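File shown: data-v3.txt (compact mmCIF, C-alpha atoms).
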# COMPACT_ATOMS: atom_id res chain seq x y z
CA MET A 115 -47.42 26.16 32.99
CA THR A 116 -44.50 24.07 34.24
CA THR A 117 -41.82 25.56 36.47
CA TRP A 118 -38.19 24.59 36.21
CA GLY A 119 -38.21 23.12 39.72
CA ALA A 120 -41.13 20.81 38.90
CA TYR A 121 -39.61 19.79 35.57
CA LEU A 122 -36.21 19.15 37.16
CA ASN A 123 -37.78 16.79 39.70
CA ARG A 124 -39.70 14.99 36.96
CA VAL A 125 -36.58 14.53 34.83
CA ARG A 126 -34.72 13.13 37.83
CA ALA A 127 -37.45 10.69 38.77
CA VAL A 128 -38.71 9.56 35.36
CA TYR A 129 -35.74 9.77 33.01
CA LEU A 130 -32.53 9.79 35.06
CA ARG A 131 -33.87 7.61 37.90
CA ASP A 132 -31.76 9.76 40.21
CA VAL A 133 -34.00 9.55 43.29
CA GLU A 134 -32.99 10.62 46.78
CA ILE A 135 -32.56 7.82 49.31
CA THR A 136 -34.35 8.97 52.46
CA GLY A 137 -32.38 8.54 55.66
CA ASP A 138 -29.03 7.97 53.97
CA PRO A 139 -26.68 10.73 55.24
CA SER A 140 -24.07 9.88 52.59
CA PHE A 141 -26.50 10.18 49.68
CA GLY A 142 -25.61 12.49 46.82
CA PHE A 143 -27.32 12.95 43.49
CA THR A 144 -25.48 11.40 40.56
CA PHE A 145 -26.48 14.36 38.41
CA PRO A 146 -26.12 17.76 40.17
CA ASP A 147 -28.70 20.47 39.47
CA ASP A 148 -26.22 22.63 37.54
CA GLN A 149 -25.30 19.71 35.27
CA ILE A 150 -28.96 19.01 34.45
CA LEU A 151 -29.49 22.72 33.76
CA GLU A 152 -26.60 22.72 31.27
CA CYS A 153 -27.98 19.57 29.67
CA TYR A 154 -31.35 21.34 29.42
CA ARG A 155 -29.65 24.28 27.67
CA LEU A 156 -28.10 21.94 25.11
CA ALA A 157 -31.38 20.04 24.73
CA VAL A 158 -33.58 23.08 24.04
CA ASP A 159 -31.01 24.52 21.63
CA SER A 160 -31.26 21.31 19.61
CA PHE A 161 -35.04 21.15 19.96
CA ALA A 162 -35.33 24.74 18.67
CA ASP A 163 -34.19 23.50 15.28
CA PHE A 164 -37.47 21.55 15.12
CA HIS A 165 -39.74 24.00 16.95
CA ALA A 166 -38.75 27.46 18.19
CA PRO A 167 -40.66 30.15 20.08
CA GLN A 168 -41.74 33.37 18.37
CA LYS A 169 -40.57 36.54 20.07
CA SER A 170 -40.72 40.22 19.25
CA VAL A 171 -38.84 43.45 19.78
CA PHE A 172 -39.58 47.04 18.85
CA TRP A 173 -37.81 50.36 18.48
CA ASN A 174 -39.17 53.90 18.73
CA SER A 175 -38.07 57.32 19.94
CA SER A 176 -38.11 56.07 23.56
CA THR A 177 -35.76 53.15 22.87
CA PRO A 178 -32.19 53.70 24.16
CA LYS A 179 -29.51 53.58 21.46
CA LEU A 180 -26.02 52.39 22.30
CA PRO A 181 -23.62 53.85 23.21
CA SER A 182 -25.86 56.79 24.20
CA GLY A 183 -29.05 58.62 23.39
CA PHE A 184 -32.26 57.36 21.79
CA TYR A 185 -33.34 56.28 18.34
CA ASP A 186 -34.48 58.94 15.88
CA MET A 187 -36.96 57.01 13.73
CA SER A 188 -36.87 59.66 11.00
CA VAL A 189 -33.10 59.23 10.63
CA ASP A 190 -31.95 55.84 11.96
CA ARG A 191 -32.19 52.94 9.54
CA ARG A 192 -30.04 50.25 11.21
CA PHE A 193 -31.24 48.21 14.19
CA PRO A 194 -29.48 45.30 15.96
CA ILE A 195 -30.75 41.76 15.39
CA PRO A 196 -31.58 40.15 18.81
CA ALA A 197 -28.83 37.86 20.08
CA ASP A 198 -31.28 34.98 20.61
CA SER A 199 -32.48 34.93 16.99
CA ILE A 200 -32.19 31.40 15.61
CA ASP A 201 -32.92 32.03 11.90
CA ASP A 202 -32.18 34.60 9.24
CA VAL A 203 -34.93 37.16 9.77
CA GLU A 204 -34.89 37.96 6.05
CA PHE A 205 -36.57 34.63 5.44
CA SER A 206 -38.37 33.83 8.70
CA GLY A 207 -38.83 37.21 10.38
CA ARG A 208 -41.70 39.65 10.10
CA VAL A 209 -40.98 43.39 10.05
CA SER A 210 -43.60 46.13 10.31
CA VAL A 211 -43.85 49.85 10.86
CA GLU A 212 -46.58 51.15 13.16
CA ARG A 213 -47.95 54.59 12.40
CA GLY A 214 -51.11 56.00 13.92
CA GLY A 215 -52.23 52.59 15.15
CA ARG A 216 -51.80 50.98 11.72
CA LEU A 217 -49.20 48.33 10.89
CA THR A 218 -47.50 48.27 7.49
CA TYR A 219 -45.64 45.01 6.88
CA LEU A 220 -42.39 45.31 4.97
CA GLU A 221 -41.06 42.88 2.39
CA THR A 222 -37.52 41.52 2.40
CA LEU A 223 -35.38 43.02 -0.35
CA ARG A 224 -33.06 40.06 -0.66
CA THR A 225 -34.62 38.00 -3.40
CA THR A 226 -31.61 35.96 -4.54
CA SER A 227 -28.46 34.54 -3.00
CA SER A 228 -26.37 37.09 -4.90
CA GLY A 229 -28.01 40.31 -3.83
CA PHE A 230 -31.13 42.33 -3.14
CA GLN A 231 -33.45 44.70 -4.94
CA SER A 232 -32.28 48.17 -3.97
CA ASN A 233 -35.08 49.94 -5.82
CA ARG A 234 -37.79 48.73 -3.43
CA GLN A 235 -38.83 49.83 0.02
CA GLY A 236 -38.50 47.16 2.68
CA PHE A 237 -35.73 45.62 4.77
CA TYR A 238 -32.64 43.43 4.60
CA VAL A 239 -29.93 42.21 6.99
CA PHE A 240 -26.30 43.29 6.84
CA ASN A 241 -23.58 42.71 9.48
CA ASN A 242 -26.19 41.35 11.92
CA GLU A 243 -28.24 44.53 11.67
CA LEU A 244 -31.75 45.05 10.37
CA VAL A 245 -31.56 47.69 7.63
CA ILE A 246 -34.76 49.56 6.75
CA THR A 247 -35.23 51.32 3.39
CA TYR A 248 -38.88 52.19 4.07
CA PRO A 249 -39.35 55.93 4.85
CA MET A 250 -40.17 56.24 8.55
CA ALA A 251 -41.32 59.28 10.53
CA ALA A 252 -40.31 60.46 14.00
CA GLY A 253 -43.40 59.02 15.70
CA ASP A 254 -43.19 55.58 14.07
CA THR A 255 -42.50 52.30 15.87
CA LEU A 256 -40.56 49.53 14.15
CA HIS A 257 -41.55 45.96 15.06
CA LEU A 258 -39.61 42.75 14.47
CA GLU A 259 -41.17 39.33 15.05
CA TYR A 260 -38.65 36.50 14.90
CA PHE A 261 -37.94 32.92 15.91
CA ALA A 262 -35.62 32.56 18.87
CA TYR A 263 -33.74 30.09 21.01
CA TYR A 264 -35.48 29.07 24.22
CA SER A 265 -34.55 30.94 27.39
CA VAL A 266 -32.88 29.00 30.18
CA PRO A 267 -34.42 29.37 33.68
CA ASP A 268 -32.51 31.08 36.46
CA ASP A 269 -34.71 29.95 39.34
CA ASP A 270 -36.83 26.93 40.29
CA LEU A 271 -39.96 29.10 40.06
CA ASP A 272 -39.23 30.22 36.48
CA VAL A 273 -41.69 28.85 33.93
CA ILE A 274 -39.99 26.89 31.14
CA GLU A 275 -40.78 28.05 27.61
CA ILE A 276 -41.04 24.71 25.82
CA PRO A 277 -44.60 23.60 24.95
CA ARG A 278 -46.14 20.91 27.14
CA TRP A 279 -46.05 18.28 24.38
CA ALA A 280 -42.27 18.76 24.14
CA GLU A 281 -41.47 18.15 27.81
CA GLY A 282 -41.08 14.41 27.19
CA PRO A 283 -38.81 14.66 24.12
CA VAL A 284 -36.67 17.36 25.73
CA GLY A 285 -36.36 15.14 28.82
CA LEU A 286 -34.90 12.43 26.58
CA LEU A 287 -32.41 14.92 25.14
CA ILE A 288 -31.35 15.87 28.66
CA VAL A 289 -30.58 12.21 29.34
CA TYR A 290 -28.68 12.01 26.04
CA HIS A 291 -26.35 14.85 27.07
CA ALA A 292 -26.11 13.72 30.71
CA LEU A 293 -24.69 10.37 29.57
CA VAL A 294 -21.66 11.94 27.86
CA PRO A 295 -19.45 12.10 31.02
CA MET A 296 -20.38 8.51 31.85
CA ILE A 297 -19.40 7.39 28.35
CA ILE A 298 -16.03 9.12 28.66
CA ARG A 299 -15.37 7.63 32.10
CA GLY A 300 -16.43 4.20 30.85
CA SER A 301 -13.93 4.39 28.00
CA GLU A 302 -11.15 5.61 30.28
CA ASN A 303 -11.78 2.84 32.82
CA SER A 304 -11.64 0.20 30.09
CA GLU A 305 -8.45 1.47 28.52
CA TYR A 306 -6.15 -0.84 30.45
CA LYS A 307 -8.27 -3.98 30.38
CA THR A 308 -6.62 -6.99 28.77
CA LYS A 309 -9.40 -7.73 26.26
CA PRO A 310 -8.29 -5.96 23.02
CA GLU A 311 -11.66 -4.34 22.30
CA SER A 312 -12.47 -3.35 25.91
CA GLY A 313 -12.00 0.38 25.33
CA THR A 314 -13.88 0.53 22.03
CA PRO A 315 -17.35 2.10 21.71
CA GLU A 316 -18.93 -1.29 21.05
CA GLN A 317 -17.89 -2.42 24.53
CA ASN A 318 -19.19 0.68 26.29
CA PRO A 319 -22.80 0.03 27.43
CA TRP A 320 -23.48 3.74 27.97
CA ILE A 321 -23.06 4.40 24.25
CA ARG A 322 -25.71 1.83 23.43
CA THR A 323 -27.98 3.44 26.02
CA GLN A 324 -27.36 6.89 24.55
CA ASN A 325 -28.12 5.67 21.02
CA HIS A 326 -31.38 4.15 22.26
CA VAL A 327 -32.35 7.43 23.94
CA MET A 328 -31.73 9.34 20.70
CA LYS A 329 -33.90 6.89 18.74
CA GLN A 330 -36.71 7.40 21.26
CA TYR A 331 -36.33 11.17 20.90
CA GLU A 332 -36.55 10.99 17.11
CA MET A 333 -39.56 8.65 17.25
CA SER A 334 -41.44 11.14 19.42
CA PHE A 335 -41.73 13.47 16.39
CA LEU A 336 -43.07 10.96 13.88
CA ARG A 337 -46.57 12.43 14.15
CA ARG A 338 -45.50 16.05 14.27
CA ALA A 339 -44.41 18.27 11.38
CA ARG A 340 -41.31 20.43 11.59
CA GLN A 341 -42.13 24.09 12.12
CA ASP A 342 -42.45 25.88 8.75
CA ARG A 343 -40.95 29.23 9.67
CA THR A 344 -40.67 30.67 6.18
CA ASN A 345 -44.35 30.22 5.38
CA MET A 346 -45.33 31.58 8.78
CA ALA A 347 -43.34 34.73 8.07
CA ARG A 348 -45.01 35.21 4.70
CA GLY A 349 -48.31 36.18 6.32
CA ARG A 350 -47.57 39.87 5.94
CA ASP A 351 -50.40 42.30 5.41
CA ASP A 352 -51.60 45.71 6.53
CA ARG A 353 -53.73 45.71 9.64
CA GLY A 354 -55.65 48.78 10.57

Is it possible to express this structure as structure tokens?
Amino acid sequence: MTTWGAYLNRVRAVYLRDVEITGDPSFGFTFPDDQILECYRLAVDSFADFHAPQKSVFWNSSTPKLPSGFYDMSVDRRFPIPADSIDDVEFSGRVSVERGGRLTYLETLRTTSSGFQSNRQGFYVFNNELVITYPMAAGDTLHLEYFAYYSVPDDDLDVIEIPRWAEGPVGLLIVYHALVPMIIRGSENSEYKTKPESGTPEQNPWIRTQNHVMKQYEMSFLRRARQDRTNMARGRDDRG
């Protein structure tokens, strides 16, 4: 497991080449920690389109219900979709009801783009809420498994969620985003040069560097298949 502190140091040394000069009292990193963290946030949000983590949430009679009280599983039929959900859970989520230690997986009711089958028992999404038509009892627990965006670390000791094989590609995406301010400054500094094309993208070396970084990022996935989230969600069955 890789911590954010270790990954940050690796990105600095290997990708950004932003290495501390020992003994230089005036030294300052070109890329501050908070800037790299924001670039990491942008990078993992983009990477999640290719490969996202699976997370889960559940509701039962002990789950607080906003603005007050707790859920009544025999009555409540609407449950909030997690804010970090990346896909439509109707097509990539997995919903089940646990009763007496047994899971019953529910089918999505939305079968076409124009509507859903209201005469079946299952689930659908409306106004960012999970709506259950399956008859639940007071002691039931509702489970939702879904694909999510990656969490962003708050501390150097936090373990990053991306898989180990993705640390290299995500590092390239961090560089890609970190170069944006340098591209803007490069264009601004060239605006008043006498050569007519000085301020154009073709004359900005940072743009060429950024394009090269993106090509390297894309090449890193040539031997990997994009995550098939719909088929993964279709593995619904009853498990006793």

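Closest to Phe161 of chain A among A:Met296, A:Ala127, A:Val327, A:Leu287 is A:Leu287, based on only C-alpha atoms.
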
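When all atoms listed in the file are used to compute distances to Pro146 of chain A, the closest of the residues A:Gln341, A:Gln324, A:Asn123, A:Asn174 turns out to be A:Asn123.
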
Residue neighbourhood Pro267 of chain A, 12 Å, all atoms listed in the file, exclusion window fewer than 6 positions, as number ranges by chain: A: 116-119, 121-122, 148, 150-152, 154-155, 158, 273-276

Preceding selection exported with C-alpha atoms as a compact mmCIF listing (two decimals), in the frame of the given file:
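After the write, part-v3.txt holds the following:
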# COMPACT_ATOMS: atom_id res chain seq x y z
CA THR A 116 -44.50 24.07 34.24
CA THR A 117 -41.82 25.56 36.47
CA TRP A 118 -38.19 24.59 36.21
CA GLY A 119 -38.21 23.12 39.72
CA TYR A 121 -39.61 19.79 35.57
CA LEU A 122 -36.21 19.15 37.16
CA ASP A 148 -26.22 22.63 37.54
CA ILE A 150 -28.96 19.01 34.45
CA LEU A 151 -29.49 22.72 33.76
CA GLU A 152 -26.60 22.72 31.27
CA TYR A 154 -31.35 21.34 29.42
CA ARG A 155 -29.65 24.28 27.67
CA VAL A 158 -33.58 23.08 24.04
CA VAL A 273 -41.69 28.85 33.93
CA ILE A 274 -39.99 26.89 31.14
CA GLU A 275 -40.78 28.05 27.61
CA ILE A 276 -41.04 24.71 25.82

Nearest to Ser206 of chain A by atom-to-atom distance, counting all atoms listed in the file, from A:Cys153, A:Ala166, A:Leu256, A:Met328: A:Ala166

Selected residue of minimal separation from Asp190 of chain A among A:Asp132, A:Asp254, A:Glu281, A:Asp202, counting all atoms listed in the file: A:Asp254

Using all atoms listed in the file: which of A:Arg343, A:Arg126, A:Asp198, A:Arg131 has the shortest distance to Val266 of chain A: A:Asp198

Top pick for closest residue to Tyr260 of chain A, considering A:Val211, A:Leu223, A:Leu244, A:Leu180 and counting all atoms listed in the file: A:Leu244

Spatial neighbours of Gln168 of chain A, 9 Å, all atoms listed in the file, chain gap at least 5 places, as a list of chain:residue names: A:Glu259, A:Tyr260, A:Phe261, A:Ala262

Coordinates-based distance that separates atom CA of Ala197 of chain A from atom CA of Phe237 of chain A (Å, one decimal): 18.5 Å

Kindly compute an axis-aligned box around the listed atoms of segment 182-200 of chain A, allowing 4 Å on each side, and express its centre and edge lengths in Å to one decimal as AutoDock Vina command-line options.
--center_x -31.4 --center_y 45.5 --center_z 16.9 --size_x 19.1 --size_y 36.3 --size_z 22.7

Between atom CA of Asp201 of chain A and atom CA of Arg213 of chain A - distance in Å to one decimal: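 For atom CA of Arg213 of chain A relative to atom CA of Asp201 of chain A, the distance reads 27.1 Å.
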
Point-to-point distance from atom CA of Ile195 of chain A to atom CA of Gly207 of chain A, Å rounded to tenths: 10.5 Å

Neighbour list for Phe240 of chain A as JSON, numbers by chain, cut-off 12 Å, all atoms listed in the file, skip fewer than 4 positions in-chain: {"A": [191, 192, 193, 194, 195, 202, 203, 204, 223, 224, 229, 230, 244, 245, 246]}

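Every residue within 8 Å of the file position (-45.9, 55.1, 13.5), judged by all atoms listed in the file, is given as Val211, Glu212, Arg213, Gly214, Gly215, Arg216, Leu217, Met250, Ala251, Ala252, Gly253, Asp254, Thr255 and Leu256 of chain A.
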
Go ahead and dump the residues you just picked, C-alpha atoms, as a PDB file, keeping the file's coordinate frame.
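Written output follows (out_15.pdb):
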ATOM      1  CA  VAL A 211     -43.850  49.850  10.860  1.00  0.00           C
ATOM      2  CA  GLU A 212     -46.580  51.150  13.160  1.00  0.00           C
ATOM      3  CA  ARG A 213     -47.950  54.590  12.400  1.00  0.00           C
ATOM      4  CA  GLY A 214     -51.110  56.000  13.920  1.00  0.00           C
ATOM      5  CA  GLY A 215     -52.230  52.590  15.150  1.00  0.00           C
ATOM      6  CA  ARG A 216     -51.800  50.980  11.720  1.00  0.00           C
ATOM      7  CA  LEU A 217     -49.200  48.330  10.890  1.00  0.00           C
ATOM      8  CA  MET A 250     -40.170  56.240   8.550  1.00  0.00           C
ATOM      9  CA  ALA A 251     -41.320  59.280  10.530  1.00  0.00           C
ATOM     10  CA  ALA A 252     -40.310  60.460  14.000  1.00  0.00           C
ATOM     11  CA  GLY A 253     -43.400  59.020  15.700  1.00  0.00           C
ATOM     12  CA  ASP A 254     -43.190  55.580  14.070  1.00  0.00           C
ATOM     13  CA  THR A 255     -42.500  52.300  15.870  1.00  0.00           C
ATOM     14  CA  LEU A 256     -40.560  49.530  14.150  1.00  0.00           C
TER      15      LEU A 256
END

Residues within 10 Å of (-27.1, 6.3, 25.8), counting all atoms listed in the file, listed as a PyMOL selection string: chain A and resi 286+289-294+296-297+318-329

Contacts of Pro249 of chain A at 8 Å (only C-alpha atoms; same-chain gap of 2+ positions) as a list in words: Ser188, Gln235, Thr247 and Ala251 of chain A

Selected residues, C-alpha atoms, written as an mmCIF file, in the coordinates of the input, please.
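In the end it all went to selection_27.cif:
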data_model
loop_
_atom_site.group_PDB
_atom_site.id
_atom_site.type_symbol
_atom_site.label_atom_id
_atom_site.label_comp_id
_atom_site.auth_asym_id
_atom_site.auth_seq_id
_atom_site.Cartn_x
_atom_site.Cartn_y
_atom_site.Cartn_z
ATOM 1 C CA SER A 188 -36.870 59.660 11.000
ATOM 2 C CA GLN A 235 -38.830 49.830 0.020
ATOM 3 C CA THR A 247 -35.230 51.320 3.390
ATOM 4 C CA ALA A 251 -41.320 59.280 10.530
#

Output requested as a PDB file, in the coordinates of the input - segment 321-344 of chain A, filled out with N, CA and C atoms.
ATOM      1  N   ILE A 321     -22.857   3.935  25.623  1.00  0.00           N
ATOM      2  CA  ILE A 321     -23.060   4.400  24.250  1.00  0.00           C
ATOM      3  C   ILE A 321     -24.310   3.774  23.661  1.00  0.00           C
ATOM      4  N   ARG A 322     -24.506   2.490  23.933  1.00  0.00           N
ATOM      5  CA  ARG A 322     -25.710   1.830  23.430  1.00  0.00           C
ATOM      6  C   ARG A 322     -26.958   2.451  24.060  1.00  0.00           C
ATOM      7  N   THR A 323     -26.859   2.780  25.342  1.00  0.00           N
ATOM      8  CA  THR A 323     -27.980   3.440  26.020  1.00  0.00           C
ATOM      9  C   THR A 323     -28.261   4.803  25.404  1.00  0.00           C
ATOM     10  N   GLN A 324     -27.196   5.564  25.134  1.00  0.00           N
ATOM     11  CA  GLN A 324     -27.360   6.890  24.550  1.00  0.00           C
ATOM     12  C   GLN A 324     -27.982   6.817  23.157  1.00  0.00           C
ATOM     13  N   ASN A 325     -27.551   5.839  22.359  1.00  0.00           N
ATOM     14  CA  ASN A 325     -28.120   5.670  21.020  1.00  0.00           C
ATOM     15  C   ASN A 325     -29.612   5.319  21.102  1.00  0.00           C
ATOM     16  N   HIS A 326     -29.972   4.508  22.085  1.00  0.00           N
ATOM     17  CA  HIS A 326     -31.380   4.150  22.260  1.00  0.00           C
ATOM     18  C   HIS A 326     -32.198   5.373  22.648  1.00  0.00           C
ATOM     19  N   VAL A 327     -31.650   6.211  23.517  1.00  0.00           N
ATOM     20  CA  VAL A 327     -32.350   7.430  23.940  1.00  0.00           C
ATOM     21  C   VAL A 327     -32.586   8.346  22.735  1.00  0.00           C
ATOM     22  N   MET A 328     -31.576   8.490  21.870  1.00  0.00           N
ATOM     23  CA  MET A 328     -31.730   9.340  20.700  1.00  0.00           C
ATOM     24  C   MET A 328     -32.797   8.796  19.754  1.00  0.00           C
ATOM     25  N   LYS A 329     -32.863   7.488  19.591  1.00  0.00           N
ATOM     26  CA  LYS A 329     -33.900   6.890  18.740  1.00  0.00           C
ATOM     27  C   LYS A 329     -35.296   7.177  19.313  1.00  0.00           C
ATOM     28  N   GLN A 330     -35.425   7.096  20.633  1.00  0.00           N
ATOM     29  CA  GLN A 330     -36.710   7.400  21.260  1.00  0.00           C
ATOM     30  C   GLN A 330     -37.088   8.855  21.054  1.00  0.00           C
ATOM     31  N   TYR A 331     -36.084   9.737  21.131  1.00  0.00           N
ATOM     32  CA  TYR A 331     -36.330  11.170  20.900  1.00  0.00           C
ATOM     33  C   TYR A 331     -36.826  11.392  19.478  1.00  0.00           C
ATOM     34  N   GLU A 332     -36.161  10.804  18.506  1.00  0.00           N
ATOM     35  CA  GLU A 332     -36.550  10.990  17.110  1.00  0.00           C
ATOM     36  C   GLU A 332     -37.931  10.395  16.834  1.00  0.00           C
ATOM     37  N   MET A 333     -38.249   9.271  17.460  1.00  0.00           N
ATOM     38  CA  MET A 333     -39.560   8.650  17.250  1.00  0.00           C
ATOM     39  C   MET A 333     -40.688   9.499  17.806  1.00  0.00           C
ATOM     40  N   SER A 334     -40.392  10.318  18.794  1.00  0.00           N
ATOM     41  CA  SER A 334     -41.440  11.140  19.420  1.00  0.00           C
ATOM     42  C   SER A 334     -41.980  12.201  18.470  1.00  0.00           C
ATOM     43  N   PHE A 335     -41.286  12.444  17.334  1.00  0.00           N
ATOM     44  CA  PHE A 335     -41.730  13.470  16.390  1.00  0.00           C
ATOM     45  C   PHE A 335     -42.351  12.882  15.126  1.00  0.00           C
ATOM     46  N   LEU A 336     -42.552  11.595  15.096  1.00  0.00           N
ATOM     47  CA  LEU A 336     -43.070  10.960  13.880  1.00  0.00           C
ATOM     48  C   LEU A 336     -44.426  11.511  13.477  1.00  0.00           C
ATOM     49  N   ARG A 337     -45.226  11.926  14.445  1.00  0.00           N
ATOM     50  CA  ARG A 337     -46.570  12.430  14.150  1.00  0.00           C
ATOM     51  C   ARG A 337     -46.649  13.943  14.190  1.00  0.00           C
ATOM     52  N   ARG A 338     -45.499  14.594  14.231  1.00  0.00           N
ATOM     53  CA  ARG A 338     -45.500  16.050  14.270  1.00  0.00           C
ATOM     54  C   ARG A 338     -44.653  16.596  13.113  1.00  0.00           C
ATOM     55  N   ALA A 339     -45.130  17.653  12.495  1.00  0.00           N
ATOM     56  CA  ALA A 339     -44.410  18.270  11.380  1.00  0.00           C
ATOM     57  C   ALA A 339     -43.430  19.306  11.908  1.00  0.00           C
ATOM     58  N   ARG A 340     -42.290  19.405  11.237  1.00  0.00           N
ATOM     59  CA  ARG A 340     -41.310  20.430  11.590  1.00  0.00           C
ATOM     60  C   ARG A 340     -41.931  21.817  11.358  1.00  0.00           C
ATOM     61  N   GLN A 341     -41.620  22.731  12.208  1.00  0.00           N
ATOM     62  CA  GLN A 341     -42.130  24.090  12.120  1.00  0.00           C
ATOM     63  C   GLN A 341     -41.722  24.733  10.788  1.00  0.00           C
ATOM     64  N   ASP A 342     -42.704  25.226  10.039  1.00  0.00           N
ATOM     65  CA  ASP A 342     -42.450  25.880   8.750  1.00  0.00           C
ATOM     66  C   ASP A 342     -42.332  27.380   8.989  1.00  0.00           C
ATOM     67  N   ARG A 343     -41.137  27.829   9.264  1.00  0.00           N
ATOM     68  CA  ARG A 343     -40.950  29.230   9.670  1.00  0.00           C
ATOM     69  C   ARG A 343     -41.042  30.193   8.498  1.00  0.00           C
ATOM     70  N   THR A 344     -40.628  29.776   7.326  1.00  0.00           N
ATOM     71  CA  THR A 344     -40.670  30.670   6.180  1.00  0.00           C
ATOM     72  C   THR A 344     -42.103  30.995   5.801  1.00  0.00           C
TER      73      THR A 344
END
